[in-house]
Every structure is written in C-alpha cells, then in structure tokens.
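query05.cif (mmCIF, C-alpha atoms and all ligand atoms)
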data_structure
loop_
_atom_site.label_atom_id
_atom_site.label_comp_id
_atom_site.auth_asym_id
_atom_site.auth_seq_id
_atom_site.Cartn_x
_atom_site.Cartn_y
_atom_site.Cartn_z
CA MET A 1 135.90 317.69 357.78
CA CYS A 2 138.18 317.79 354.76
CA LYS A 3 140.18 314.60 354.18
CA PRO A 4 143.71 314.89 352.74
CA LEU A 5 144.15 313.94 349.10
CA SER A 6 147.23 313.89 346.88
CA LEU A 7 147.35 314.12 343.09
CA TYR A 8 149.98 312.58 340.83
CA PHE A 9 150.10 313.47 337.12
CA HIS A 10 152.22 311.29 334.89
CA VAL A 11 153.69 313.11 331.88
CA PRO A 12 155.25 310.40 329.71
CA PHE A 13 157.32 312.43 327.24
CA CYS A 14 161.12 312.50 327.00
CA VAL A 15 163.74 313.82 324.59
CA ARG A 16 165.22 310.34 324.29
CA LYS A 17 165.36 307.19 326.40
CA CYS A 18 168.13 307.00 328.99
CA ALA A 19 170.14 303.77 328.84
CA TYR A 20 168.74 302.41 332.13
CA CYS A 21 165.14 303.57 331.82
CA ASP A 22 162.13 301.28 331.83
CA PHE A 23 159.62 303.93 332.99
CA ALA A 24 156.49 304.68 330.99
CA SER A 25 158.02 307.40 328.81
CA TRP A 26 158.26 307.93 325.08
CA PRO A 27 160.50 310.14 322.95
CA GLY A 28 159.28 311.79 319.74
CA ARG A 29 155.64 312.18 320.74
CA GLU A 30 155.49 316.00 320.81
CA GLY A 31 152.44 315.86 318.52
CA ASP A 32 150.43 314.28 321.33
CA TRP A 33 151.06 316.87 324.07
CA ARG A 34 147.78 318.75 323.80
CA ARG A 35 145.72 315.60 323.39
CA TYR A 36 147.42 314.09 326.41
CA PHE A 37 146.83 317.06 328.70
CA GLU A 38 143.19 317.13 327.60
CA ALA A 39 142.93 313.44 328.53
CA LEU A 40 144.47 314.21 331.96
CA GLU A 41 141.91 316.97 332.48
CA ASN A 42 139.06 314.66 331.51
CA GLU A 43 140.32 311.98 333.85
CA LEU A 44 140.55 314.46 336.71
CA LYS A 45 137.05 315.69 335.93
CA ASP A 46 135.75 312.10 336.04
CA TRP A 47 137.28 311.67 339.49
CA SER A 48 135.89 314.97 340.77
CA GLU A 49 132.34 313.98 339.84
CA ILE A 50 130.16 311.40 341.53
CA THR A 51 132.03 308.14 341.96
CA ASP A 52 131.48 305.08 344.14
CA PHE A 53 133.14 307.18 346.84
CA GLY A 54 130.71 310.08 346.47
CA ARG A 55 131.73 313.45 345.07
CA LEU A 56 135.40 313.55 346.00
CA SER A 57 135.66 317.32 345.89
CA ASP A 58 133.02 317.53 348.65
CA HIS A 59 135.09 315.47 351.10
CA TYR A 60 138.71 315.91 350.11
CA CYS A 61 141.17 318.77 350.01
CA VAL A 62 144.40 318.51 348.02
CA GLN A 63 147.46 318.69 350.27
CA THR A 64 150.11 317.68 347.74
CA ALA A 65 150.41 317.32 343.99
CA PHE A 66 153.29 315.90 341.96
CA ILE A 67 153.82 316.25 338.22
CA GLY A 68 156.22 313.47 337.32
CA GLY A 69 157.29 311.49 334.32
CA GLY A 70 158.88 311.18 331.91
CA THR A 71 160.08 314.74 331.57
CA PRO A 72 157.23 317.11 332.43
CA THR A 73 159.51 320.13 331.86
CA LEU A 74 159.78 319.16 328.19
CA ALA A 75 156.15 320.10 327.51
CA PRO A 76 155.30 323.76 326.82
CA ALA A 77 154.87 325.29 330.28
CA GLU A 78 151.55 326.94 329.52
CA VAL A 79 150.13 323.63 328.23
CA LEU A 80 151.44 321.80 331.30
CA CYS A 81 149.98 324.35 333.70
CA THR A 82 146.47 323.80 332.34
CA ILE A 83 146.49 320.74 334.59
CA THR A 84 147.38 322.63 337.78
CA ASP A 85 144.83 325.34 336.91
CA GLN A 86 142.13 322.76 336.25
CA SER A 87 142.94 320.89 339.47
CA ARG A 88 142.21 324.03 341.46
CA VAL A 89 138.90 324.46 339.65
CA LEU A 90 137.85 320.89 340.39
CA PHE A 91 139.24 320.38 343.91
CA PRO A 92 139.79 322.56 346.97
CA PHE A 93 143.52 322.99 347.68
CA ALA A 94 145.14 323.53 351.08
CA GLU A 95 146.76 326.95 351.30
CA ASP A 96 150.15 325.38 351.99
CA ALA A 97 149.79 322.60 349.41
CA GLU A 98 153.15 321.17 348.26
CA ILE A 99 153.14 321.11 344.45
CA THR A 100 156.16 319.49 342.82
CA ILE A 101 157.30 319.33 339.23
CA GLU A 102 159.95 316.86 338.13
CA GLY A 103 162.43 318.38 335.72
CA ASN A 104 165.39 317.49 333.59
CA PRO A 105 168.18 320.08 333.85
CA GLY A 106 168.54 320.04 330.05
CA THR A 107 164.99 321.29 329.48
CA LEU A 108 164.59 324.25 331.86
CA THR A 109 164.51 327.94 331.00
CA PRO A 110 163.85 331.00 333.19
CA GLU A 111 160.58 331.53 331.28
CA LYS A 112 159.31 328.01 332.00
CA LEU A 113 160.26 328.28 335.67
CA ALA A 114 158.46 331.62 336.00
CA ILE A 115 155.30 330.09 334.52
CA TYR A 116 155.47 327.14 336.94
CA ARG A 117 155.81 329.49 339.89
CA SER A 118 152.88 331.63 338.78
CA ALA A 119 150.80 328.43 338.52
CA GLY A 120 151.57 327.75 342.21
CA ILE A 121 154.19 325.03 341.67
CA ASN A 122 156.50 325.45 344.68
CA ARG A 123 158.85 322.47 344.60
CA LEU A 124 161.27 321.38 341.87
CA SER A 125 162.70 317.87 341.69
CA LEU A 126 165.65 317.70 339.31
CA GLY A 127 166.88 314.46 337.77
CA ALA A 128 170.58 315.23 338.21
CA GLN A 129 171.84 311.63 338.67
CA SER A 130 175.57 312.49 338.66
CA PHE A 131 177.95 315.44 338.48
CA ASP A 132 180.41 313.41 336.40
CA ASP A 133 180.04 314.21 332.70
CA GLY A 134 181.45 310.84 331.61
CA LEU A 135 178.92 308.94 333.74
CA LEU A 136 176.08 311.19 332.58
CA GLU A 137 176.99 310.40 329.00
CA SER A 138 177.14 306.67 329.64
CA LEU A 139 173.67 306.87 331.21
CA GLY A 140 172.36 308.58 328.07
CA ARG A 141 171.35 311.73 329.95
CA ILE A 142 170.70 314.81 327.81
CA HIS A 143 172.46 317.25 330.17
CA ASP A 144 175.91 317.76 331.65
CA ALA A 145 176.97 318.61 335.20
CA ARG A 146 177.20 322.35 334.50
CA GLN A 147 173.53 322.43 333.51
CA ILE A 148 172.49 320.99 336.89
CA GLY A 149 174.03 323.95 338.73
CA GLU A 150 172.57 326.30 336.14
CA ALA A 151 169.09 324.80 336.61
CA VAL A 152 169.31 325.24 340.40
CA ARG A 153 170.39 328.87 339.99
CA MET A 154 167.57 329.58 337.51
CA ALA A 155 165.06 327.94 339.86
CA ARG A 156 166.27 330.06 342.79
CA ASP A 157 165.95 333.20 340.65
CA ALA A 158 162.39 332.17 339.78
CA GLY A 159 161.56 331.86 343.49
CA PHE A 160 161.82 328.10 344.15
CA GLU A 161 162.72 327.60 347.81
CA ASN A 162 162.33 323.83 347.86
CA ILE A 163 164.54 321.90 345.43
CA ASN A 164 165.40 318.21 345.27
CA LEU A 165 168.20 316.53 343.35
CA ASP A 166 167.89 312.87 342.35
CA LEU A 167 171.27 311.13 342.37
CA MET A 168 172.31 307.61 341.37
CA TYR A 169 175.05 305.31 342.61
CA ALA A 170 176.16 301.76 341.81
CA LEU A 171 176.69 302.86 338.20
CA PRO A 172 178.92 300.84 335.87
CA GLY A 173 182.48 302.09 336.21
CA GLN A 174 181.62 304.52 339.01
CA THR A 175 184.32 304.91 341.65
CA MET A 176 183.80 305.87 345.28
CA ASP A 177 185.66 309.14 344.59
CA GLN A 178 183.23 310.00 341.79
CA TRP A 179 180.28 309.30 344.07
CA ILE A 180 181.70 311.44 346.88
CA ASP A 181 182.37 314.25 344.39
CA THR A 182 178.74 314.04 343.22
CA LEU A 183 177.42 314.17 346.79
CA ASN A 184 179.66 317.14 347.58
CA ALA A 185 178.60 318.96 344.41
CA ALA A 186 174.93 318.40 345.28
CA THR A 187 175.25 319.65 348.87
CA ALA A 188 177.35 322.63 347.73
CA LEU A 189 174.35 323.81 345.71
CA GLY A 190 172.43 324.11 348.98
CA VAL A 191 169.35 322.21 347.80
CA GLU A 192 166.81 321.27 350.47
CA HIS A 193 166.38 317.59 349.56
CA ILE A 194 168.46 314.81 348.02
CA SER A 195 167.29 311.40 346.83
CA ALA A 196 170.08 308.86 346.37
CA TYR A 197 169.05 305.75 344.46
CA SER A 198 171.06 302.66 343.67
CA LEU A 199 170.93 301.79 339.96
CA ILE A 200 168.66 298.85 339.24
CA VAL A 201 169.46 297.28 335.89
CA GLU A 202 166.08 296.54 334.33
CA GLU A 203 165.64 293.79 331.78
CA GLY A 204 165.20 294.94 328.20
CA THR A 205 167.09 298.22 328.61
CA PRO A 206 170.27 299.09 326.65
CA MET A 207 172.08 299.12 330.01
CA ALA A 208 171.07 295.48 330.66
CA ALA A 209 172.35 294.51 327.20
CA ARG A 210 175.69 296.23 327.87
CA VAL A 211 176.03 294.48 331.22
CA ALA A 212 175.17 291.10 329.64
CA LYS A 213 177.86 291.60 326.96
CA GLY A 214 180.44 292.62 329.57
CA GLU A 215 180.72 296.12 328.08
CA ALA A 216 179.52 297.63 331.36
CA VAL A 217 180.71 296.28 334.70
CA LEU A 218 178.62 296.90 337.80
CA PRO A 219 180.24 297.49 341.19
CA ASP A 220 180.05 294.48 343.52
CA GLU A 221 177.72 294.31 346.53
CA ASP A 222 180.37 295.49 349.00
CA ALA A 223 181.14 298.53 346.87
CA VAL A 224 177.42 299.34 346.55
CA ASN A 225 176.89 299.08 350.30
CA ALA A 226 179.96 301.26 350.90
CA MET A 227 178.52 303.91 348.56
CA GLN A 228 175.23 303.90 350.41
CA ARG A 229 176.96 304.25 353.78
CA ALA A 230 179.11 307.07 352.42
CA ALA A 231 175.94 308.89 351.32
CA ILE A 232 174.28 308.47 354.72
CA ASP A 233 177.32 309.83 356.58
CA LEU A 234 178.23 312.64 354.19
CA LEU A 235 174.65 313.88 353.91
CA ALA A 236 174.17 313.75 357.69
CA ARG A 237 177.29 315.91 358.14
CA ALA A 238 175.88 318.35 355.58
CA GLY A 239 172.60 318.65 357.51
CA TYR A 240 170.37 316.24 355.56
CA GLY A 241 168.44 313.83 357.75
CA ARG A 242 167.64 310.42 356.32
CA TYR A 243 163.89 309.95 356.58
CA GLU A 244 163.44 307.08 354.12
CA ILE A 245 165.76 304.42 352.70
CA SER A 246 166.81 306.63 349.77
CA ASN A 247 165.67 310.10 350.83
CA TYR A 248 167.39 312.86 352.80
CA ALA A 249 166.16 316.33 353.69
CA LYS A 250 167.04 319.43 355.61
CA PRO A 251 164.69 319.76 358.60
CA GLY A 252 161.13 320.53 357.47
CA PHE A 253 161.79 319.71 353.80
CA GLU A 254 160.82 316.02 353.78
CA CYS A 255 158.77 315.38 350.65
CA ARG A 256 155.17 315.44 351.88
CA HIS A 257 153.91 313.84 348.67
CA ASN A 258 156.12 310.77 348.91
CA LEU A 259 155.30 310.39 352.60
CA VAL A 260 151.66 309.96 351.53
CA TYR A 261 152.64 306.86 349.53
CA TRP A 262 154.68 305.36 352.37
CA ARG A 263 151.93 306.06 354.89
CA ARG A 264 149.20 304.75 352.59
CA GLY A 265 147.25 307.98 352.32
CA ASP A 266 144.65 308.59 349.63
CA TYR A 267 145.92 309.72 346.25
CA LEU A 268 144.78 309.87 342.67
CA GLY A 269 147.30 308.95 339.98
CA LEU A 270 146.36 310.38 336.60
CA GLY A 271 147.80 309.55 333.21
CA CYS A 272 149.13 306.43 331.56
CA ALA A 273 150.73 303.89 333.92
CA ALA A 274 149.55 305.87 336.97
CA HIS A 275 148.18 304.16 340.07
CA SER A 276 145.65 305.49 342.59
CA MET A 277 144.78 304.53 346.12
CA LEU A 278 141.47 305.56 347.57
CA GLN A 279 139.95 304.19 350.74
CA ASN A 280 141.89 300.94 350.45
CA CYS A 281 141.09 300.41 346.77
CA ARG A 282 143.94 300.45 344.30
CA PHE A 283 143.41 301.51 340.68
CA HIS A 284 145.78 300.94 337.77
CA ASN A 285 145.60 302.94 334.56
CA PRO A 286 146.71 301.43 331.23
CA GLU A 287 150.50 301.31 330.93
CA ASN A 288 150.64 302.26 327.28
CA LEU A 289 150.38 305.84 326.04
CA ASP A 290 148.27 304.92 323.00
CA ASP A 291 145.83 302.85 325.07
CA TYR A 292 145.45 305.76 327.47
CA LEU A 293 144.94 308.26 324.65
CA ALA A 294 142.40 305.92 323.05
CA GLY A 295 140.23 306.49 326.11
CA GLY A 296 141.28 303.58 328.30
CA ARG A 297 141.12 305.79 331.33
CA ARG A 298 138.75 303.75 333.45
CA PRO A 299 141.29 302.04 335.63
CA ASP A 300 141.37 298.46 336.87
CA ARG A 301 140.29 298.28 340.48
CA GLN A 302 141.55 296.05 343.28
CA ARG A 303 139.93 296.20 346.72
CA LEU A 304 142.49 295.39 349.40
CA ASP A 305 141.57 293.01 352.19
CA ALA A 306 142.80 293.26 355.79
CA ARG A 307 145.86 291.13 355.06
CA ASP A 308 146.85 293.20 351.98
CA ILE A 309 146.52 296.36 354.07
CA LEU A 310 148.70 294.99 356.84
CA GLU A 311 151.36 293.81 354.38
CA GLU A 312 151.44 297.18 352.63
CA THR A 313 151.57 299.03 355.95
CA VAL A 314 154.63 297.05 357.01
CA MET A 315 156.39 297.05 353.62
CA LEU A 316 155.92 300.76 352.97
CA GLY A 317 156.07 302.09 356.54
CA THR A 318 159.34 300.38 357.38
CA ARG A 319 161.00 302.24 354.51
CA THR A 320 160.71 305.40 356.62
CA THR A 321 162.90 306.12 359.60
CA GLN A 322 159.79 306.89 361.64
CA GLY A 323 158.57 303.34 361.09
CA ILE A 324 155.14 301.86 361.83
CA ASP A 325 152.68 302.03 364.69
CA PHE A 326 153.91 299.55 367.31
CA GLY A 327 150.27 298.97 368.27
CA LEU A 328 150.02 296.66 365.23
CA PHE A 329 152.10 294.15 367.15
CA SER A 330 149.97 293.97 370.28
CA GLY A 331 149.26 290.34 371.15
CA THR A 332 152.13 288.99 368.99
CA ASP A 333 155.06 286.88 370.21
CA PRO A 334 157.48 289.33 371.93
CA ALA A 335 160.37 286.83 371.75
CA ARG A 336 160.76 287.21 367.98
CA LEU A 337 160.76 290.99 368.15
CA LYS A 338 163.29 290.80 370.98
CA ARG A 339 165.61 288.79 368.74
CA LEU A 340 165.37 291.45 366.02
CA ILE A 341 166.13 294.16 368.61
CA GLN A 342 169.14 292.22 369.91
CA ALA A 343 170.41 291.80 366.36
CA ASP A 344 170.15 295.62 366.04
CA LEU A 345 167.74 295.33 363.10
CA ILE A 346 164.74 297.08 364.67
CA ALA A 347 164.12 299.57 367.46
CA ILE A 348 160.95 300.53 369.29
CA GLU A 349 160.60 304.18 370.26
CA ASN A 350 157.73 306.55 371.01
CA GLY A 351 155.10 303.99 370.02
CA PHE A 352 156.74 303.23 366.65
CA LEU A 353 158.67 300.22 365.43
CA ARG A 354 161.41 301.27 363.02
CA LEU A 355 164.24 299.59 361.22
CA THR A 356 167.72 300.56 362.38
CA ARG A 357 170.41 301.58 359.91
CA GLY A 358 171.49 297.93 359.71
CA GLY A 359 167.85 296.82 359.39
CA LEU A 360 167.28 299.18 356.46
CA GLU A 361 170.22 297.53 354.64
CA VAL A 362 168.32 294.23 354.72
CA GLN A 363 164.81 295.67 354.69
CA ASP A 364 163.27 292.85 352.62
CA ALA A 365 164.41 290.17 355.05
CA VAL A 366 163.30 292.13 358.14
CA VAL A 367 159.90 292.83 356.57
CA LEU A 368 159.41 289.11 355.91
CA GLU A 369 160.18 288.36 359.54
CA LEU A 370 157.83 291.10 360.80
CA LEU A 371 155.05 289.81 358.57
CA GLU A 372 155.53 286.34 360.00
CA VAL A 373 155.31 287.78 363.52
CA LEU A 374 152.02 289.37 362.47
CA GLY A 375 150.77 286.06 361.10
CA CYS A 376 150.77 287.10 357.43
S1 LIG B 401 164.56 311.35 331.60
FE1 LIG B 401 163.75 309.90 333.14
S2 LIG B 401 161.84 309.06 332.28
FE2 LIG B 401 162.98 310.07 330.59
S3 LIG B 401 164.10 308.42 329.64
FE3 LIG B 401 165.49 309.35 331.16
S4 LIG B 401 165.16 308.18 333.05
FE4 LIG B 401 163.46 307.69 331.65
#

Turn the structure described in the file into structure tokens.
Ligand code: SF4
Amino acid sequence: MCKPLSLYFHVPFCVRKCAYCDFASWPGREGDWRRYFEALENELKDWSEITDFGRLSDHYCVQTAFIGGGTPTLAPAEVLCTITDQSRVLFPFAEDAEITIEGNPGTLTPEKLAIYRSAGINRLSLGAQSFDDGLLESLGRIHDARQIGEAVRMARDAGFENINLDLMYALPGQTMDQWIDTLNAATALGVEHISAYSLIVEEGTPMAARVAKGEAVLPDEDAVNAMQRAAIDLLARAGYGRYEISNYAKPGFECRHNLVYWRRGDYLGLGCAAHSMLQNCRFHNPENLDDYLAGGRRPDRQRLDARDILEETVMLGTRTTQGIDFGLFSGTDPARLKRLIQADLIAIENGFLRLTRGGLEVQDAVVLELLEVLGC
C-alpha cells in the first residue's frame, strides 16, 4: 500500500530583501540558479534511492508538493520545472496531487504561468501582503496593489483554479480601515484561499532597526487582536472557513500540503534551510546557500522520542480548527480539561479536542496546560 508523501522545494532567490524578512533567501544570486536546481535534483535522487527507510519510491506516493522560497517565480520557468519533471521520474505521484508554487506578483508573466501549468503545477500562492501601495513600499515589496490583481487574472487565464493570497496585518502605521480594505480587495478577486499573518518583527532585519529607532511604530496588542478578529469575521462572511490559526479557505480548498505539516505526515524538504520529517525522524539541511551548494546536502538527523512526538502532536494539531485526537487524553485528569472547557478555551467534539476561537488567541498558554495534563 502506497504511503502518502509530500515534497517541499526551497528556492532561495529574491529580487531584493523585504524589510521584515529573515527567511533563507538571497538577492543577486542569479548566476547560481542552474547549479542550485541541479543540487535539488541530486538531493531528490539521493532520497529516492536506498536509504535507512528502504527505497522510498517503492513505498510512498507523492500527494502534495510545494515550491516555496524565496521567490521561486523569479527563476526561469523552464529551469524551475526541471524539478517537478524530475520528481515525477523519481517518485509515483497521485493523480490528484496538489502542486503549489509560491509567487511574487512582481515576477509573473503569462508565459511563466503557462509553463507551470504544463508542468502540472495546479496551485498558486501569491505573496500579496497588502493592497495599500504605501504599506507595500514600507515593507520593501517589489510590487504594487495593481500587480496583485493582474497576477490573479493572468493565473486564471493560464488555468489556475486554486489561488492563495498571503496577507499581513499588525504592520507599522497600518490602520484598521487599511486592513479591512485589503481583506475586501482580496475577497473581491475571488481567490480560493487566504492566509492572514500577523507581522513578527525579527531581530536583525531593517524593520527591527526602524522599530528600535522609533521610525516605525507597531500597533498595540489590542489593535492587533482587533485586526485578527476583523479578519475572522469578514472572511467568514465572504465564505472562507478558518481551518488553522492564520488560514482560511473556501470549502474544499484547504491547503493539503500545509495540513501535512500540522498533522505530522511524512515529507521531504529539499534545498538549503529545508527540513524533512520521515517516520518520526527530523532532518535539517544547512541554512546557508553556499554550504548547500558546496555539497552539504546530507542533513542532520534527530530521532523523536515518544514525548517529542506527543508535544509536536499537541502544538501543531491545536493550530487547526479540527484539533487533535481526544483519545490522547484517555486516563488523564478530567477536572483540568473541564476547567478549560468552562473557560471556553477548548471544546471536545466528534472525538477531537480543539481550541475555541478564544483558545486560539492564547494558543501557547492552552498548549502548555494541555501538555501538563498529558504529563509532558
Ligand atoms: S519576497 Fe519573501 S523571501 Fe523574498 S525577501 Fe521578500 S519576504 Fe523574504
């Protein structure tokens, strides 16, 4: 019987660094594209051959693949699609496999989108972030709001029927009206999926320096919470169900790839800074592009013990609105769970324990409590 497998390819090239970005991505490395995609192919080939887990392609069938970054749509489309072609040579793919490419609206053309479609890529995830040109500029994005709509229209013309927009709130200087306008602009485009992330100011980024100098002022906690609640309500009215803390989809368009992460399925992460999870072993590739290109592909391995697995199951599974198998709690103290139910932080339904809307707002604290109940 074929076991489900997911593939993630990290493509770490960008036009320039956005002000808030601490992802593994590098501008000005166009000269390394070919070499990098060859390294990805070699890494995939290594995984498809005999490993400690046997020959993976004999036991696994790819259900989802995700080409993320960085800006994968910056690379020449025919070079990028060597990796999807090679994946199909090395692994069996499910007929209905979900194959996503992450794109920046400033880098798409009808020609590129047509090549992606002919390579079997059937989902597009666009880093839109905002529909306010002033905010986009302050974030250092390379596109404006008009280009987001243009990218969606081009993708529809190319045959994409499953499109996500990534949006950000809690931005310096962002008002509630600007956020509502962005949500309305996104839903008006009729996309199938919307991810709404709160800005996290990461140390060492230009954004962090601006905040430290007082040049950029972040909204306070109440304003951030109000923006999140506004997103939940507005998106629900527009037909997008919340299925994870930051993710909303029209029925049937939940991102299958990301659900694999939250449900701790098996996946291979290829490329610099990519992580894999296979049969309760985690693997970490080198973070740095040059180390990866120098052949540092053999990843560090960490075998998870029963406690690690339980902790991950609770931490990741409670992010989703489905929650986690209530059977995990059999034999634990019911009084503590009862208190969480009475405080309207968790609910138990259909054999699952899930966090309520209020519980998701304080997910870290509820997870700690649940882990204590489980004796972790
Ligand atoms: S496009 Fe994405 S990965 Fe590239 S610099 Fe901006 S935030 Fe980072």

Worksheet entry | Residue list as a count of residues only for point (182.3, 304.9, 339.1), cut-off 12 Å, all atoms listed in the file | 33

For ligand LIG 401 (chain B), return the neighbouring residues as a PDB file with C-alpha atoms, in the coordinates of the input (distance at most 9 Å; all atoms listed in the file).
ATOM      1  CA  PRO A  12     155.250 310.400 329.710  1.00  0.00           C
ATOM      2  CA  PHE A  13     157.320 312.430 327.240  1.00  0.00           C
ATOM      3  CA  CYS A  14     161.120 312.500 327.000  1.00  0.00           C
ATOM      4  CA  VAL A  15     163.740 313.820 324.590  1.00  0.00           C
ATOM      5  CA  ARG A  16     165.220 310.340 324.290  1.00  0.00           C
ATOM      6  CA  LYS A  17     165.360 307.190 326.400  1.00  0.00           C
ATOM      7  CA  CYS A  18     168.130 307.000 328.990  1.00  0.00           C
ATOM      8  CA  ALA A  19     170.140 303.770 328.840  1.00  0.00           C
ATOM      9  CA  TYR A  20     168.740 302.410 332.130  1.00  0.00           C
ATOM     10  CA  CYS A  21     165.140 303.570 331.820  1.00  0.00           C
ATOM     11  CA  ASP A  22     162.130 301.280 331.830  1.00  0.00           C
ATOM     12  CA  PHE A  23     159.620 303.930 332.990  1.00  0.00           C
ATOM     13  CA  ALA A  24     156.490 304.680 330.990  1.00  0.00           C
ATOM     14  CA  SER A  25     158.020 307.400 328.810  1.00  0.00           C
ATOM     15  CA  TRP A  26     158.260 307.930 325.080  1.00  0.00           C
ATOM     16  CA  PRO A  27     160.500 310.140 322.950  1.00  0.00           C
ATOM     17  CA  GLY A  68     156.220 313.470 337.320  1.00  0.00           C
ATOM     18  CA  GLY A  69     157.290 311.490 334.320  1.00  0.00           C
ATOM     19  CA  GLY A  70     158.880 311.180 331.910  1.00  0.00           C
ATOM     20  CA  THR A  71     160.080 314.740 331.570  1.00  0.00           C
ATOM     21  CA  GLY A 103     162.430 318.380 335.720  1.00  0.00           C
ATOM     22  CA  ASN A 104     165.390 317.490 333.590  1.00  0.00           C
ATOM     23  CA  GLY A 127     166.880 314.460 337.770  1.00  0.00           C
ATOM     24  CA  LEU A 139     173.670 306.870 331.210  1.00  0.00           C
ATOM     25  CA  GLY A 140     172.360 308.580 328.070  1.00  0.00           C
ATOM     26  CA  ARG A 141     171.350 311.730 329.950  1.00  0.00           C
ATOM     27  CA  ILE A 142     170.700 314.810 327.810  1.00  0.00           C
TER      28      ILE A 142
END

Mind working out the centre and edge lengths of an axis-aligned box for region 369-376 of chain A, all listed atoms inside, 4 Å added to each side, rounded to one decimal in Å and written as AutoDock Vina command-line options?
--center_x 155.5 --center_y 288.6 --center_z 360.5 --size_x 17.4 --size_y 13.0 --size_z 14.1

Practice prompt. For Cys281 (chain A), list every protein, DNA or RNA residue within 7 Å, evaluated using only C-alpha atoms, and leave out those in the same chain fewer than 6 positions away; present the list as a list of chain:residue names.
Written response: A:Arg301, A:Gln302, A:Arg303, A:Leu304

Item to complete: May I ask for the distance between CA of Val367 (chain A) and CA of Ala249 (chain A), given in Å to one decimal place?
Response: 24.5 Å

Worksheet entry | CA of Leu90 (chain A) to CA of Asp46 (chain A), straight-line distance in Å |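 These two atoms are separated by 10.0 Å.
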
Show which residues sit within 12 Å of Glu78 (chain A), as a PDB file with C-alpha atoms, in the coordinates of the input. Count all atoms listed in the file, and ignore same-chain residues fewer than 6 positions away.
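This is the output file around.pdb:
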ATOM      1  CA  TRP A  33     151.060 316.870 324.070  1.00  0.00           C
ATOM      2  CA  ARG A  34     147.780 318.750 323.800  1.00  0.00           C
ATOM      3  CA  PHE A  37     146.830 317.060 328.700  1.00  0.00           C
ATOM      4  CA  PRO A  72     157.230 317.110 332.430  1.00  0.00           C
ATOM      5  CA  THR A  84     147.380 322.630 337.780  1.00  0.00           C
ATOM      6  CA  ASP A  85     144.830 325.340 336.910  1.00  0.00           C
ATOM      7  CA  GLU A 111     160.580 331.530 331.280  1.00  0.00           C
ATOM      8  CA  LYS A 112     159.310 328.010 332.000  1.00  0.00           C
ATOM      9  CA  LEU A 113     160.260 328.280 335.670  1.00  0.00           C
ATOM     10  CA  ALA A 114     158.460 331.620 336.000  1.00  0.00           C
ATOM     11  CA  ILE A 115     155.300 330.090 334.520  1.00  0.00           C
ATOM     12  CA  TYR A 116     155.470 327.140 336.940  1.00  0.00           C
ATOM     13  CA  ARG A 117     155.810 329.490 339.890  1.00  0.00           C
ATOM     14  CA  SER A 118     152.880 331.630 338.780  1.00  0.00           C
ATOM     15  CA  ALA A 119     150.800 328.430 338.520  1.00  0.00           C
TER      16      ALA A 119
END

Item to complete: Tell me which protein, DNA and RNA residues are within 12 Å of region 150-158 of chain A, counting all atoms listed in the file, leaving out same-chain ones fewer than 4 positions away, and put them as an MDAnalysis selection string.
Response: chainID A and resid 73 101 103:118 120:128 143:146 162:165 185:192

Worksheet item: Which of these residues is nearest to Thr320 (chain A), using only C-alpha atoms: A:Ala39, A:Leu355, A:Ala236, A:Val362?
Response: A:Leu355

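Between CA of Tyr292 (chain A) and CA of Cys81 (chain A) lies a distance of 20.1 Å.
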
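Of the listed residues A:Phe329, A:Ser48, A:Glu102, A:Tyr60, the one whose atoms come nearest to Leu74 (chain A) is A:Glu102, with distances taken using all atoms listed in the file.
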
Practice prompt. With a distance cut-off of 6 Å and all atoms listed in the file, select the neighbouring residues of Gly317 (chain A), excluding the residue or stretch itself and same-chain residues fewer than 6 positions from it, and output the selection as number ranges by chain.
Written response: A: 262-263, 323-324

Practice prompt. Excluding Met315 (chain A) and any residue of its chain fewer than 2 positions from it, enumerate the residues within 9 Å of it, using only C-alpha atoms, and give them as a PyMOL selection string.
Written response: chain A and resi 262+310-313+317-319+363-364+367-368+371

Response to the item:
From the list A:Gly269, A:Val11, A:Phe253, A:Gly149, the nearest residue to Glu98 (chain A) using all atoms listed in the file is A:Phe253

Practice prompt. Counting all atoms listed in the file, figure out which residue out of A:Asn225, A:Thr100, A:Ser276, A:Ser330 gets nearest to Leu44 (chain A).
Written response: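 So, comparing all the options, the nearest one is A:Ser276.
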